[in-house]
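Worksheet for the structure shown next.
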Amino acid sequence: MTERSVSIHVPAMTRVEGEGSLKLRIEKGQIEELALDIFEPPRYFEKFLEGRRYTEVLDTVARICGICPIAYQMSAAQALENVFGIEPDQWVRDMRRVFYCGEWLQSHALHVHLLAAPDFLGFDSVVGMAEQHPEAVRRGLRLQGLGNNLIRLLGARSVHPVGACVGGFFRAPAEAEVDRMLVQLRSALTEAEELVSWAAAIPMPDDQQTFINVSMRHATDYPMAEGRIVSDQGLDIAVDEVEQSFSEEHRPQSTALFSMLHGEPYLVGPLARLNLNMDRLPASSLSLLKQSNIRFPSNNMFHSLFARALEIHVAIIEAIRLLERYHLPAHPHVEVRPRAGIGFGATEAPRGLLWHRYETDEQGLIKNARIVPPTSQNQARIEADLHRSLVSFGLDQEDDALRLRAETVIRNYDPCISCATHFLKMKLKRQ
Amino acid sequence: MAKPSIAVHKFSSCDGCQLAFLNAGEDLLKLAQLVDIQHFLEAGVADEYAKVDIAFVEGSVSTADELTRIQRVRANSQLVVTLGACATSGGMQALRNLDSSNESWKHAIYAHPEFIQTLERAEPVSEHIKVDFEIWGCPVNGQQVLAAVQQLLFGVSPLDQRDKVCMECKRQHAVCVMVTEGRPCMGPVTRTGCGALCPRFGRDCYACFGPAENINTDAMSHRLEGLGLPQADIARRFLFINSNAPAFGEAGKKHYQRGFGDD
């Protein structure tokens with residue numbers, strides 16, 4: 001094929017959350033080496049938690065990720081309530097879902113507009129894209145802002161919010177605050193619908209592949225803050241059964257752990273959620289999906305962007321539904337009596353399944369903690385996808401085109417490298 | 001006249017402080033017109049070696065590679081501004097400095113600790129280079145950061161908020177959660193800037209904005225003892241997000257037993 005010997009070095013990959021490195025070596029038209037290395041410096045969160053009181057856990061785990069702190073707080077709250085044998089009441093469960101809707105909105109709008117869309121529309125950054133597509137970008141930034149406002153309603157601030165606790169929330173919003181929020185949410189609905197049709201019209205590579213989808217599943221609702229864990233291969237387990245099916249591996253040059261399902265890579269995140277839960281979509285979101293020219297379930301990974309856009313719509317619809325029946329509770333949280341034990345929690349972070357396990361002593365001090373973030377679950381899948389995507393794209397393509405395709409494939413997963421634990425460096429060697 | 005140039009660099013952190021820019025909405029687009037953004041990876045601009053007027057640094061210095069990078073940032077920037085607790089005080093990951101836990105924690109978490117290359121300690125940026133201005137907070141908020149950017153663009157030194165959260169509570173007419181509910185609120189020793197969010201949400205401040213000026217940590221600890229907190233809990237109140245900030249580190253260690261044990 002190619003006789004040339006080329007070496008490309010991209011100092012750091014852009015538009016991803018955190019830093020990692022990619023190695024690609026092509027020899028005689030064959031990929032000889034391909035690895036996505038995450039080298040975000042380790043921050044040892046599981047160790048910081050040891051010896052801390054259960055009341056400190058939510059403020060600790062939020063600091064794992066500035067973009068999805070609520071996901072960490074909600075999985076942790078669920079796991080600790082599981083240890084202490086507490087069932088949160090319906091008000092708390094509703095408000096947790098509303099809180100989570102805010103995070104999906106904020107995180108998805110950020111990813112769709114600032115991180116992913118520039119790849120498909122031919123820009124380096126959102127700043128350039130804003131000149132050519134001012135309305136689409138401004139709509140995206142408004143939806144992101146709406147998500148942040150929704151988080152503030154229950155959490156006071158959008159990054160590392162302070163409103164949630166084990167058992168519920170510290171404070172219930174006043175009815176007038178909820179009414180003002182409802183006005184904002186209702187007026188954003190048309191923009192969310194426009195976003196979904198805009199996302200459906202973005203030209204995407206037609207790149208079919210097979211992979212295992214894994215997500216949570218709820219008896220009636222689109223999965224978010226509670227449910228069982230299922231796959232399209234027949235997996236259907238409770239949250240406390242994860243360790244029997246999933247395992248983590250530590251590979252050279254990486255500070256993240258690779259998670260496998262029965263030894264196989266698998267996908268978590270918006271595309272997997274939508275593929276497995278179309279029948280749980282709110283009616284109006286389902287009708288938007290049907291109006292689009294995209295068929296689900298989809299095995300084109302690039303449809304992740306569309307799935308995110310549709311989940312923005314879901315988040316707004318769900319927040320409106322739950323806030324319309326809002327009432328001031330007698331207590332915004334249930335009383336907590338700590339006890340010794342082990343508990344599990346899992347929720348759907350914007351990037352996919354986020355699973356926690358805690359062991360406490362009788363005073364509620366943490367003895368040990370285990371946290372499995374979505375990006376370490378997707379990491380093996382990203383590598384597998386990169387390999388076949390580059391081959392299907394054509395290894396004899398120009399270096400810049402190969403690099404951009406590789407970056408697009410990676411960004412499409414919305415990897416959260418801070419979560420998984422630094423530099424996405426691409427070293428391409430050809431011989 | 002050429003537009004002023006800025007860079008946003010990330011070190012060991014959660015990415016949350018950069019969101020002060022990425023969450024700014026319309027203001028982000030306006031900022032992009034006012035300044036020339038030369039390096040900001042998450043926003044899609046990469047030129048690590050760019051010489052800039054103002055460099056914003058998020059994150060603490062915790063690897064040998066980061067040590068080299070922070071020195072380069074200093075050499076290439078007129079002004080260096082730290083963004084948030086990690087860059088300013090070392091942040092939460094500085095908890096590993098307490099018992100020199102780096103080696104043992106690495107072995108406990110990773111199957112192959114030999115793959116993990118870190119410095120013994122996670123340190124604030126000012127431990128390694130001269131810092132021109134520090135913005136405290138975990139996380140910093142957009143208002144704080146954009147106000148600082150505006151002041152720097154006008155060529156004046158940004159206003160440093162060093163008051164205690166207590167002052168902010170009074171301004172906000174928030175009811176004191178320590179006096180009325182006996183909560184172990186860290187407001188009397190913590191820097192404001194957050195808007196006194198926790199007391200206004202019915203909970204005690206947990207000191208995420210770091211130490212305020214002229215604080216009496218002994219009186220604070222004494223009050224916490226009076227509220228019935230065990231020694232280990234008092235230690236953990238100080239040794240949390242800003243454990244490496246000298247005022248908090250010294251106060252916390254008076255009550256600290258290895259691993260937050262309680263005898």
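Chain labels follow the order of the structure tokens: the first chain is A, the next B, and so on; residue numbering restarts at 1 in every chain, and ligands are counted from 1 in their shown order.
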
Quick one: residues within 9 Å of Ala247 of chain B, only C-alpha atoms, excluding same-chain residues fewer than 3 positions away - as a PyMOL selection string?
chain B and resi 210-211+215+217+238+243-244+250-252

For those residues, write N, CA and C atoms to a file as a compact mmCIF listing (two decimals), in the first residue's frame.
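The new file selection.txt reads:
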```
# COMPACT_ATOMS: atom_id res chain seq x y z
N GLY B 210 -11.83 27.76 51.08
CA GLY B 210 -10.53 27.94 51.73
C GLY B 210 -10.56 28.96 52.85
N PRO B 211 -9.40 29.17 53.51
CA PRO B 211 -9.35 30.05 54.67
C PRO B 211 -9.56 31.52 54.33
N ILE B 215 -8.10 34.56 60.59
CA ILE B 215 -9.07 33.65 61.21
C ILE B 215 -8.53 33.09 62.51
N THR B 217 -8.61 29.87 64.21
CA THR B 217 -8.99 28.47 64.06
C THR B 217 -9.08 27.76 65.41
N PHE B 238 -11.46 20.59 58.92
CA PHE B 238 -10.39 21.41 58.35
C PHE B 238 -9.68 20.70 57.19
N SER B 243 -7.07 21.05 52.52
CA SER B 243 -6.26 20.55 53.63
C SER B 243 -4.83 21.07 53.59
N ASN B 244 -4.36 21.43 52.39
CA ASN B 244 -2.97 21.86 52.23
C ASN B 244 -2.81 23.38 52.39
N GLU B 250 -2.71 23.37 59.51
CA GLU B 250 -2.21 23.41 60.89
C GLU B 250 -3.32 23.19 61.90
N ALA B 251 -4.48 23.82 61.67
CA ALA B 251 -5.60 23.66 62.60
C ALA B 251 -6.07 22.21 62.63
N GLY B 252 -6.18 21.59 61.47
CA GLY B 252 -6.69 20.22 61.39
C GLY B 252 -5.75 19.23 62.06
```

Residues of chain A within 7 Å of chain B, only C-alpha atoms counted, as an MDAnalysis selection string:
chainID A and resid 14:18 41 43:44 47:48 51 63:67 114 124:125 127 141:142 145 156 159:160 162:163 170:171 250 252:253 255 418

Identify, on the basis of only C-alpha atoms, every residue whose closest approach to segment 102-113 of chain A does not exceed 6 Å; exclude the query and any residue fewer than 3 positions from it along the same chain; express the result as a list in words.
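Contacts, with the query itself left out: Phe99, Ala116, Ala117, Gly140, Gln144, Gly147, Asn148, Leu150, Ile151, Arg308, Ile312 and Pro350 of chain A.
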
Save the residues we just selected, C-alpha atoms, as an mmCIF file, in the first residue's frame?
```cif
data_model
loop_
_atom_site.group_PDB
_atom_site.id
_atom_site.type_symbol
_atom_site.label_atom_id
_atom_site.label_comp_id
_atom_site.auth_asym_id
_atom_site.auth_seq_id
_atom_site.Cartn_x
_atom_site.Cartn_y
_atom_site.Cartn_z
ATOM 1 C CA PHE A 99 -31.988 17.261 39.633
ATOM 2 C CA ALA A 116 -18.877 17.091 19.192
ATOM 3 C CA ALA A 117 -20.712 19.132 16.531
ATOM 4 C CA GLY A 140 -27.271 25.148 22.532
ATOM 5 C CA GLN A 144 -26.956 24.388 28.657
ATOM 6 C CA GLY A 147 -29.769 22.803 32.693
ATOM 7 C CA ASN A 148 -27.567 24.824 35.034
ATOM 8 C CA LEU A 150 -32.486 23.530 36.936
ATOM 9 C CA ILE A 151 -29.534 22.202 38.945
ATOM 10 C CA ARG A 308 -27.929 13.131 23.294
ATOM 11 C CA ILE A 312 -32.205 16.780 26.127
ATOM 12 C CA PRO A 350 -24.856 11.608 31.199
#
```

Taking 5 positions as the minimum chain separation for residues in the same chain, which residues sit within 10 Å of Ile31 of chain A when counting only C-alpha atoms? Answer as a PyMOL selection string.
chain A and resi 24-26+387-388+390-391+395+429-430

Would you put the residues from that selection into a file with N, CA and C atoms, as a compact mmCIF listing (two decimals), in the first residue's frame?
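Saved as again-v5.txt:
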```
# COMPACT_ATOMS: atom_id res chain seq x y z
N LEU A 24 -0.91 5.27 17.74
CA LEU A 24 -1.28 4.56 16.52
C LEU A 24 -0.02 4.35 15.69
N ARG A 25 0.25 3.09 15.42
CA ARG A 25 1.43 2.78 14.59
C ARG A 25 0.95 1.92 13.43
N ILE A 26 1.22 2.40 12.22
CA ILE A 26 0.80 1.67 11.03
C ILE A 26 2.06 1.21 10.30
N HIS A 387 -10.17 0.93 16.13
CA HIS A 387 -9.46 0.00 15.26
C HIS A 387 -10.26 -0.23 13.98
N ARG A 388 -11.55 -0.62 14.15
CA ARG A 388 -12.32 -0.93 12.95
C ARG A 388 -12.73 0.33 12.19
N LEU A 390 -10.96 3.08 11.78
CA LEU A 390 -9.83 3.55 10.97
C LEU A 390 -9.62 2.64 9.77
N VAL A 391 -9.79 1.32 9.98
CA VAL A 391 -9.64 0.39 8.86
C VAL A 391 -10.73 0.65 7.83
N LEU A 395 -6.71 3.12 5.78
CA LEU A 395 -5.45 3.50 6.42
C LEU A 395 -4.53 4.28 5.49
N LYS A 429 3.00 6.42 13.84
CA LYS A 429 4.23 6.04 13.15
C LYS A 429 3.87 5.16 11.98
N ARG A 430 4.40 5.46 10.81
CA ARG A 430 4.19 4.57 9.66
C ARG A 430 5.55 4.09 9.20
```

Counting only C-alpha atoms, which residue out of A:Asp361, A:Asp414, A:Asp396, A:Glu87 sits closest to Gly341 of chain A?
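Smallest separation from Gly341 of chain A among the options: A:Asp361.
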
Write out as a count of residues only which residues come within 12 Å of Pro199 of chain B when counting only C-alpha atoms, dropping same-chain ones fewer than 5 positions away.
32

Could you give me, as a PDB file with C-alpha atoms, in the first residue's frame, the residues within 8 Å of segment 207-209 of chain A, counting only C-alpha atoms and dropping anything in the same chain fewer than 3 positions from it?
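Okay, this is what ended up in result-v7.pdb:
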```
ATOM      1  CA  ASN A 299     -25.587   0.283  15.566  1.00  0.00           C
ATOM      2  CA  ASN A 300     -23.974   3.409  14.115  1.00  0.00           C
ATOM      3  CA  MET A 301     -21.976   4.863  16.998  1.00  0.00           C
ATOM      4  CA  PHE A 302     -22.171   8.335  15.411  1.00  0.00           C
ATOM      5  CA  SER A 389     -13.312   2.696  12.205  1.00  0.00           C
TER       6      SER A 389
END
```

In segment 193-231 of chain B, DSSP helix (DSSP H, G or I) residues written as an mmCIF file with N, CA and C atoms, in the first residue's frame:
```
data_model
loop_
_atom_site.group_PDB
_atom_site.id
_atom_site.type_symbol
_atom_site.label_atom_id
_atom_site.label_comp_id
_atom_site.auth_asym_id
_atom_site.auth_seq_id
_atom_site.Cartn_x
_atom_site.Cartn_y
_atom_site.Cartn_z
ATOM 1 N N LEU B 197 -23.949 29.934 50.069
ATOM 2 C CA LEU B 197 -24.960 29.002 49.552
ATOM 3 C C LEU B 197 -25.403 27.976 50.581
ATOM 4 N N CYS B 198 -24.458 27.383 51.293
ATOM 5 C CA CYS B 198 -24.836 26.275 52.191
ATOM 6 C C CYS B 198 -25.766 26.732 53.315
ATOM 7 N N PRO B 199 -25.396 27.778 54.076
ATOM 8 C CA PRO B 199 -26.332 28.212 55.111
ATOM 9 C C PRO B 199 -27.697 28.586 54.544
ATOM 10 N N ARG B 200 -27.709 29.178 53.362
ATOM 11 C CA ARG B 200 -28.997 29.549 52.760
ATOM 12 C C ARG B 200 -29.787 28.328 52.344
ATOM 13 N N THR B 217 -8.610 29.875 64.210
ATOM 14 C CA THR B 217 -8.986 28.466 64.061
ATOM 15 C C THR B 217 -9.083 27.757 65.413
ATOM 16 N N ASP B 218 -8.322 28.258 66.425
ATOM 17 C CA ASP B 218 -8.431 27.631 67.750
ATOM 18 C C ASP B 218 -9.825 27.837 68.324
ATOM 19 N N ALA B 219 -10.340 29.081 68.198
ATOM 20 C CA ALA B 219 -11.690 29.350 68.683
ATOM 21 C C ALA B 219 -12.709 28.514 67.924
ATOM 22 N N MET B 220 -12.474 28.364 66.608
ATOM 23 C CA MET B 220 -13.374 27.548 65.779
ATOM 24 C C MET B 220 -13.395 26.101 66.283
ATOM 25 N N SER B 221 -12.197 25.542 66.504
ATOM 26 C CA SER B 221 -12.119 24.147 66.965
ATOM 27 C C SER B 221 -12.800 23.981 68.318
ATOM 28 N N HIS B 222 -12.579 24.984 69.169
ATOM 29 C CA HIS B 222 -13.171 24.943 70.494
ATOM 30 C C HIS B 222 -14.701 24.902 70.402
ATOM 31 N N ARG B 223 -15.231 25.715 69.501
ATOM 32 C CA ARG B 223 -16.684 25.751 69.292
ATOM 33 C C ARG B 223 -17.169 24.392 68.781
ATOM 34 N N LEU B 224 -16.405 23.808 67.873
ATOM 35 C CA LEU B 224 -16.809 22.504 67.325
ATOM 36 C C LEU B 224 -16.807 21.447 68.428
ATOM 37 N N GLU B 225 -15.810 21.542 69.325
ATOM 38 C CA GLU B 225 -15.791 20.622 70.481
ATOM 39 C C GLU B 225 -17.038 20.837 71.327
ATOM 40 N N GLY B 226 -17.371 22.128 71.526
ATOM 41 C CA GLY B 226 -18.563 22.472 72.309
ATOM 42 C C GLY B 226 -19.837 21.911 71.701
ATOM 43 N N GLN B 231 -12.840 14.413 68.058
ATOM 44 C CA GLN B 231 -11.591 14.974 67.522
ATOM 45 C C GLN B 231 -11.424 14.677 66.022
#
```

Backbone-only DSSP, strand (DSSP E or B) members of segment 204-404 of chain A, as a ChimeraX atom specification
/A:208,213-217,228-231,236-237,246-250,257-261,264,267,300,333,341-349,352-360,365-372

To one decimal in Å, tell me the separation between atom CA of Glu318 of chain A and atom CA of His303 of chain A.
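The value is 22.2 Å.
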
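Using only C-alpha atoms, the residues found no farther than 10 Å from Val145 of chain B, other than those of its own chain fewer than 3 positions away, are Cys17, Gln18, Ala20, Phe21, Phe56, Leu83, Gly84, Ile135, Trp136, Val140, Asn141, Gly142, Ala148, Val149, Gln150, Gln151 and Pro158 of chain B.
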